[in-house]
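Trainee: Here's a structure for you.
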Amino acid sequence: MAKGKGSDIEMMPMSAERKTIWHLQKMKDEGKKISMVGTAYLDPMFVMMCEKAGVDLVRYTAPGENTQQRIEITKIWTRMIRKAAPNICLNAVMQTEQYADKYTAVKEAATLVGDGADSVMPMGVTNETLEYMSDNLIPVFGHVGCLSGWQTGAFGGYRRQGKTAEDAMKVFRKAYEYQECGMVGMTTEMTSRELTNAIARKLRIPVIQVAAGGAADGSEMVIFDLLGMIPEAAMAKHGKYYSRLFDDSLKAFKTFDEEVKNEVYPAEEHGWGMDEKEWDTFINELDKKYPDIKK
């Protein structure tokens, strides 16, 4: 890690191969689609696999029992993820307390960027705070449509947004205002394919759809859906299994348990044995020195 002069702040070194917001903008300008995975609460190993697979961008949050824990752990999580995946573009979700005012927002976001994030996502950020963050060179990759987390309460739950022309215009206006206030990219969630594509077409910055169905400039899928980590019956319409990690993992654990208990594992090929002469010497010596121990 590099340490600035006269400062106790340590910053993650930047790889020459690392994708950044600049690269995402270039992809939009060239008409190339952007792939994005949401990795809520999951191990950095999954982010590493995303990078190896060629995924462009990962949105992540950290585990925690409450908001304060998530705030602190996100900083640690960011450094862990960046070490595991030095080249992927990382978008850190901020907790609401971290952008309660524009000064706190810059301080908290600067810490995350310094720790290795390429951008931050403050859900429902105000234009004033966003503009201040942008003026201080904080890359904000935001969100419009149906907001996530507790903020879905403002919409009556996790519901489709922009069903009517009037509501669609409200979503578009928010997206446009965000762009003009300095946002560098955004996801649009639970909006119609028509509205999704209109936002992506009209805005200069990258627009990625999640649960929206439009092509936009790219798509995001949450890793729980992508890897089949929730029951298929509970999967939302926009979800798609690309693997059945839960089913496969459950089968693996069950088979391992059965093989251990039935003495199938370990088999002879899973270990190795001593030279017979060395074994005889060892066991004879053992019996002499420890005669009271059962063979």
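Ordering of the structure tokens sets the chain letters (A, B, ...); residue numbers start at 1 within each chain; ligands are numbered from 1 in the order shown.
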Quick one: residues within 7 Å of stretch 204-212 of chain A, only C-alpha atoms counted, chain neighbours fewer than 2 positions away excluded, as a list in words?
Mentor: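 Here the qualifying residues turn out to be Leu24, Gln25, Lys28, Val184, Gly185, Met186, Thr187, Thr188, Glu189, Met190, Thr191, Ser192, Arg193, Thr196, Ala200, Lys202, Gly214, Ala216, Asp217, Gly218, Ser219, Glu220, Met221 and His238 of chain A.
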Trainee: How would you write, as number ranges by chain, the set of residues in stretch 111-213 of chain A that DSSP gives as strand (DSSP E or B)?
Mentor: A: 119-121, 140-145, 161, 185-189, 191, 207-210
Trainee: Between A:Thr281, A:Ser119, A:Gln98, A:Thr255, which is the closest to A:Tyr60 once you count only C-alpha atoms?
Mentor: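 Ranking A:Thr281, A:Ser119, A:Gln98, A:Thr255 by distance to A:Tyr60, first place goes to A:Ser119.
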Trainee: Just the residues within 6 Å of A:Tyr41, please, counting only C-alpha atoms, with nothing from its chain fewer than 3 positions along; format it as a VMD selection string.
Mentor: chain A and resid 61 to 63
Trainee: Since we have the selection now, will you write its residues out, keeping N, CA, C and O atoms, as a PDB file, in the first residue's frame?
Mentor:
```pdb
ATOM      1  N   THR A  61     -22.126  -4.761  -1.225  1.00  0.00           N
ATOM      2  CA  THR A  61     -22.324  -4.285   0.140  1.00  0.00           C
ATOM      3  C   THR A  61     -21.653  -5.285   1.070  1.00  0.00           C
ATOM      4  O   THR A  61     -21.377  -6.413   0.682  1.00  0.00           O
ATOM      5  N   ALA A  62     -21.421  -4.869   2.294  1.00  0.00           N
ATOM      6  CA  ALA A  62     -20.746  -5.737   3.259  1.00  0.00           C
ATOM      7  C   ALA A  62     -21.752  -6.266   4.281  1.00  0.00           C
ATOM      8  O   ALA A  62     -22.786  -5.639   4.525  1.00  0.00           O
ATOM      9  N   PRO A  63     -21.465  -7.412   4.882  1.00  0.00           N
ATOM     10  CA  PRO A  63     -22.355  -7.939   5.919  1.00  0.00           C
ATOM     11  C   PRO A  63     -22.282  -7.099   7.181  1.00  0.00           C
ATOM     12  O   PRO A  63     -21.325  -6.366   7.401  1.00  0.00           O
TER      13      PRO A  63
END
```
Trainee: At a cut-off of 10 Å, using only C-alpha atoms, what residues contact A:Pro44? Leave out same-chain residues fewer than 4 positions from it and give the result as a ChimeraX atom specification.
Mentor: /A:39,48-50,60,77-85
Trainee: Would you output that residue set with all heavy atoms, as a compact mmCIF listing (two decimals), in the first residue's frame?
Mentor:
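again_17.txt was written with the following content:
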```
# COMPACT_ATOMS: atom_id res chain seq x y z
N THR A 39 -23.07 -8.36 -5.62
CA THR A 39 -22.56 -9.42 -4.73
C THR A 39 -22.81 -9.09 -3.27
O THR A 39 -21.88 -9.00 -2.47
CB THR A 39 -21.06 -9.65 -4.94
OG1 THR A 39 -20.36 -8.43 -4.65
CG2 THR A 39 -20.76 -10.05 -6.36
N MET A 48 -13.59 -12.20 -7.27
CA MET A 48 -12.42 -12.68 -8.01
C MET A 48 -12.87 -13.52 -9.21
O MET A 48 -12.33 -13.38 -10.31
CB MET A 48 -11.53 -13.52 -7.09
CG MET A 48 -10.30 -14.10 -7.78
SD MET A 48 -9.32 -15.16 -6.70
CE MET A 48 -10.44 -16.55 -6.48
N MET A 49 -13.88 -14.38 -9.01
CA MET A 49 -14.38 -15.20 -10.10
C MET A 49 -15.03 -14.34 -11.18
O MET A 49 -14.89 -14.61 -12.37
CB MET A 49 -15.35 -16.25 -9.57
CG MET A 49 -14.67 -17.37 -8.79
SD MET A 49 -15.76 -18.77 -8.45
CE MET A 49 -16.78 -18.09 -7.14
N CYS A 50 -15.74 -13.29 -10.75
CA CYS A 50 -16.34 -12.36 -11.73
C CYS A 50 -15.26 -11.74 -12.60
O CYS A 50 -15.41 -11.63 -13.82
CB CYS A 50 -17.12 -11.26 -11.01
SG CYS A 50 -18.69 -11.79 -10.30
N TYR A 60 -21.33 -3.94 -4.64
CA TYR A 60 -21.24 -4.77 -3.44
C TYR A 60 -21.62 -4.00 -2.18
O TYR A 60 -21.49 -2.79 -2.08
CB TYR A 60 -19.82 -5.32 -3.29
CG TYR A 60 -18.77 -4.26 -3.03
CD1 TYR A 60 -18.34 -3.96 -1.73
CD2 TYR A 60 -18.22 -3.52 -4.08
CE1 TYR A 60 -17.39 -2.97 -1.50
CE2 TYR A 60 -17.27 -2.54 -3.85
CZ TYR A 60 -16.85 -2.27 -2.56
OH TYR A 60 -15.93 -1.29 -2.33
N TRP A 77 -14.08 -4.69 3.77
CA TRP A 77 -14.53 -5.50 2.64
C TRP A 77 -13.93 -4.96 1.34
O TRP A 77 -13.52 -5.73 0.47
CB TRP A 77 -16.05 -5.46 2.57
CG TRP A 77 -16.71 -6.75 2.17
CD1 TRP A 77 -17.48 -6.96 1.07
CD2 TRP A 77 -16.70 -8.00 2.88
NE1 TRP A 77 -17.96 -8.25 1.05
CE2 TRP A 77 -17.49 -8.90 2.16
CE3 TRP A 77 -16.11 -8.42 4.07
CZ2 TRP A 77 -17.69 -10.22 2.56
CZ3 TRP A 77 -16.30 -9.73 4.48
CH2 TRP A 77 -17.08 -10.60 3.73
N THR A 78 -13.91 -3.64 1.21
CA THR A 78 -13.38 -3.02 -0.01
C THR A 78 -11.92 -3.41 -0.21
O THR A 78 -11.50 -3.78 -1.32
CB THR A 78 -13.51 -1.50 0.06
OG1 THR A 78 -14.90 -1.15 0.16
CG2 THR A 78 -12.93 -0.82 -1.16
N ARG A 79 -11.13 -3.35 0.85
CA ARG A 79 -9.71 -3.71 0.73
C ARG A 79 -9.55 -5.19 0.44
O ARG A 79 -8.69 -5.58 -0.36
CB ARG A 79 -8.97 -3.32 2.02
CG ARG A 79 -8.94 -1.82 2.27
CD ARG A 79 -7.95 -1.45 3.36
NE ARG A 79 -8.35 -1.92 4.68
CZ ARG A 79 -9.12 -1.23 5.52
NH1 ARG A 79 -9.58 -0.05 5.17
NH2 ARG A 79 -9.43 -1.71 6.70
N MET A 80 -10.37 -6.03 1.07
CA MET A 80 -10.30 -7.47 0.82
C MET A 80 -10.66 -7.80 -0.62
O MET A 80 -9.99 -8.60 -1.28
CB MET A 80 -11.23 -8.21 1.78
CG MET A 80 -10.79 -8.19 3.24
SD MET A 80 -12.04 -8.92 4.33
CE MET A 80 -12.11 -10.60 3.71
N ILE A 81 -11.73 -7.18 -1.12
CA ILE A 81 -12.16 -7.43 -2.49
C ILE A 81 -11.11 -6.97 -3.48
O ILE A 81 -10.79 -7.66 -4.45
CB ILE A 81 -13.51 -6.73 -2.76
CG1 ILE A 81 -14.64 -7.43 -1.99
CG2 ILE A 81 -13.83 -6.73 -4.25
CD1 ILE A 81 -15.98 -6.71 -2.09
N ARG A 82 -10.55 -5.78 -3.23
CA ARG A 82 -9.58 -5.24 -4.17
C ARG A 82 -8.33 -6.11 -4.24
O ARG A 82 -7.73 -6.27 -5.31
CB ARG A 82 -9.22 -3.81 -3.78
CG ARG A 82 -8.25 -3.12 -4.72
CD ARG A 82 -8.66 -3.28 -6.17
NE ARG A 82 -9.73 -2.40 -6.56
CZ ARG A 82 -10.45 -2.54 -7.67
NH1 ARG A 82 -10.21 -3.55 -8.49
NH2 ARG A 82 -11.42 -1.70 -7.97
N LYS A 83 -7.92 -6.67 -3.11
CA LYS A 83 -6.77 -7.58 -3.13
C LYS A 83 -7.09 -8.86 -3.91
O LYS A 83 -6.23 -9.40 -4.61
CB LYS A 83 -6.35 -7.93 -1.70
CG LYS A 83 -5.68 -6.77 -0.96
CD LYS A 83 -5.33 -7.18 0.45
CE LYS A 83 -4.66 -6.02 1.20
NZ LYS A 83 -4.35 -6.37 2.60
N ALA A 84 -8.32 -9.34 -3.78
CA ALA A 84 -8.72 -10.57 -4.47
C ALA A 84 -8.94 -10.33 -5.96
O ALA A 84 -8.69 -11.21 -6.78
CB ALA A 84 -9.99 -11.13 -3.84
N ALA A 85 -9.41 -9.12 -6.30
CA ALA A 85 -9.73 -8.80 -7.70
C ALA A 85 -9.18 -7.41 -8.03
O ALA A 85 -9.89 -6.42 -7.92
CB ALA A 85 -11.24 -8.84 -7.91
```
Trainee: Where in stretch 4-175 of chain A does DSSP assign helix (DSSP H, G or I), given as an MDAnalysis selection string?
Mentor: chainID A and resid 21:29 44:53 67:84 96:99 102:114 127:135 149:155 165:175
Trainee: Under the rule that only C-alpha atoms are counted, which of A:Ser148, A:Asn127, A:Thr164, A:Thr20 is the nearest residue to A:Tyr176?
Mentor: A:Asn127
Trainee: Quick one, how far is atom CA of A:Thr126 from atom CA of A:Thr96?
Mentor: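 Distance between the two atoms: 11.3 Å.
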Trainee: Contacts of A:Ala110 at 10 Å or less, counting only C-alpha atoms, minus same-chain residues fewer than 3 places along, as a list in words?
Mentor: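 The residues that qualify are Thr104, Ala105, Val106, Lys107, Val113, Gly114, Asp115, Gly116, Ala117, Ser119, Val120, Met133, Asn136, Leu137, Ile138 and Pro139 of chain A.
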Trainee: Atom CA of A:Lys251 and atom CA of A:Ile230 are how many Å apart?
Mentor: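 These atoms are spaced 15.0 Å apart.
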Trainee: Point out the residue among A:Leu226, A:Leu250, A:Ile88, A:Leu203 with the least atom-to-atom distance to A:Val47, counting only C-alpha atoms.
Mentor: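 Of all the options, A:Ile88 lies closest to A:Val47.
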Trainee: Go ahead and compute the interatomic distance for atom CA of A:Arg59 and atom CA of A:Met36, in Å to one decimal.
Mentor: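 Atom CA of A:Met36 lies 7.3 Å from atom CA of A:Arg59.
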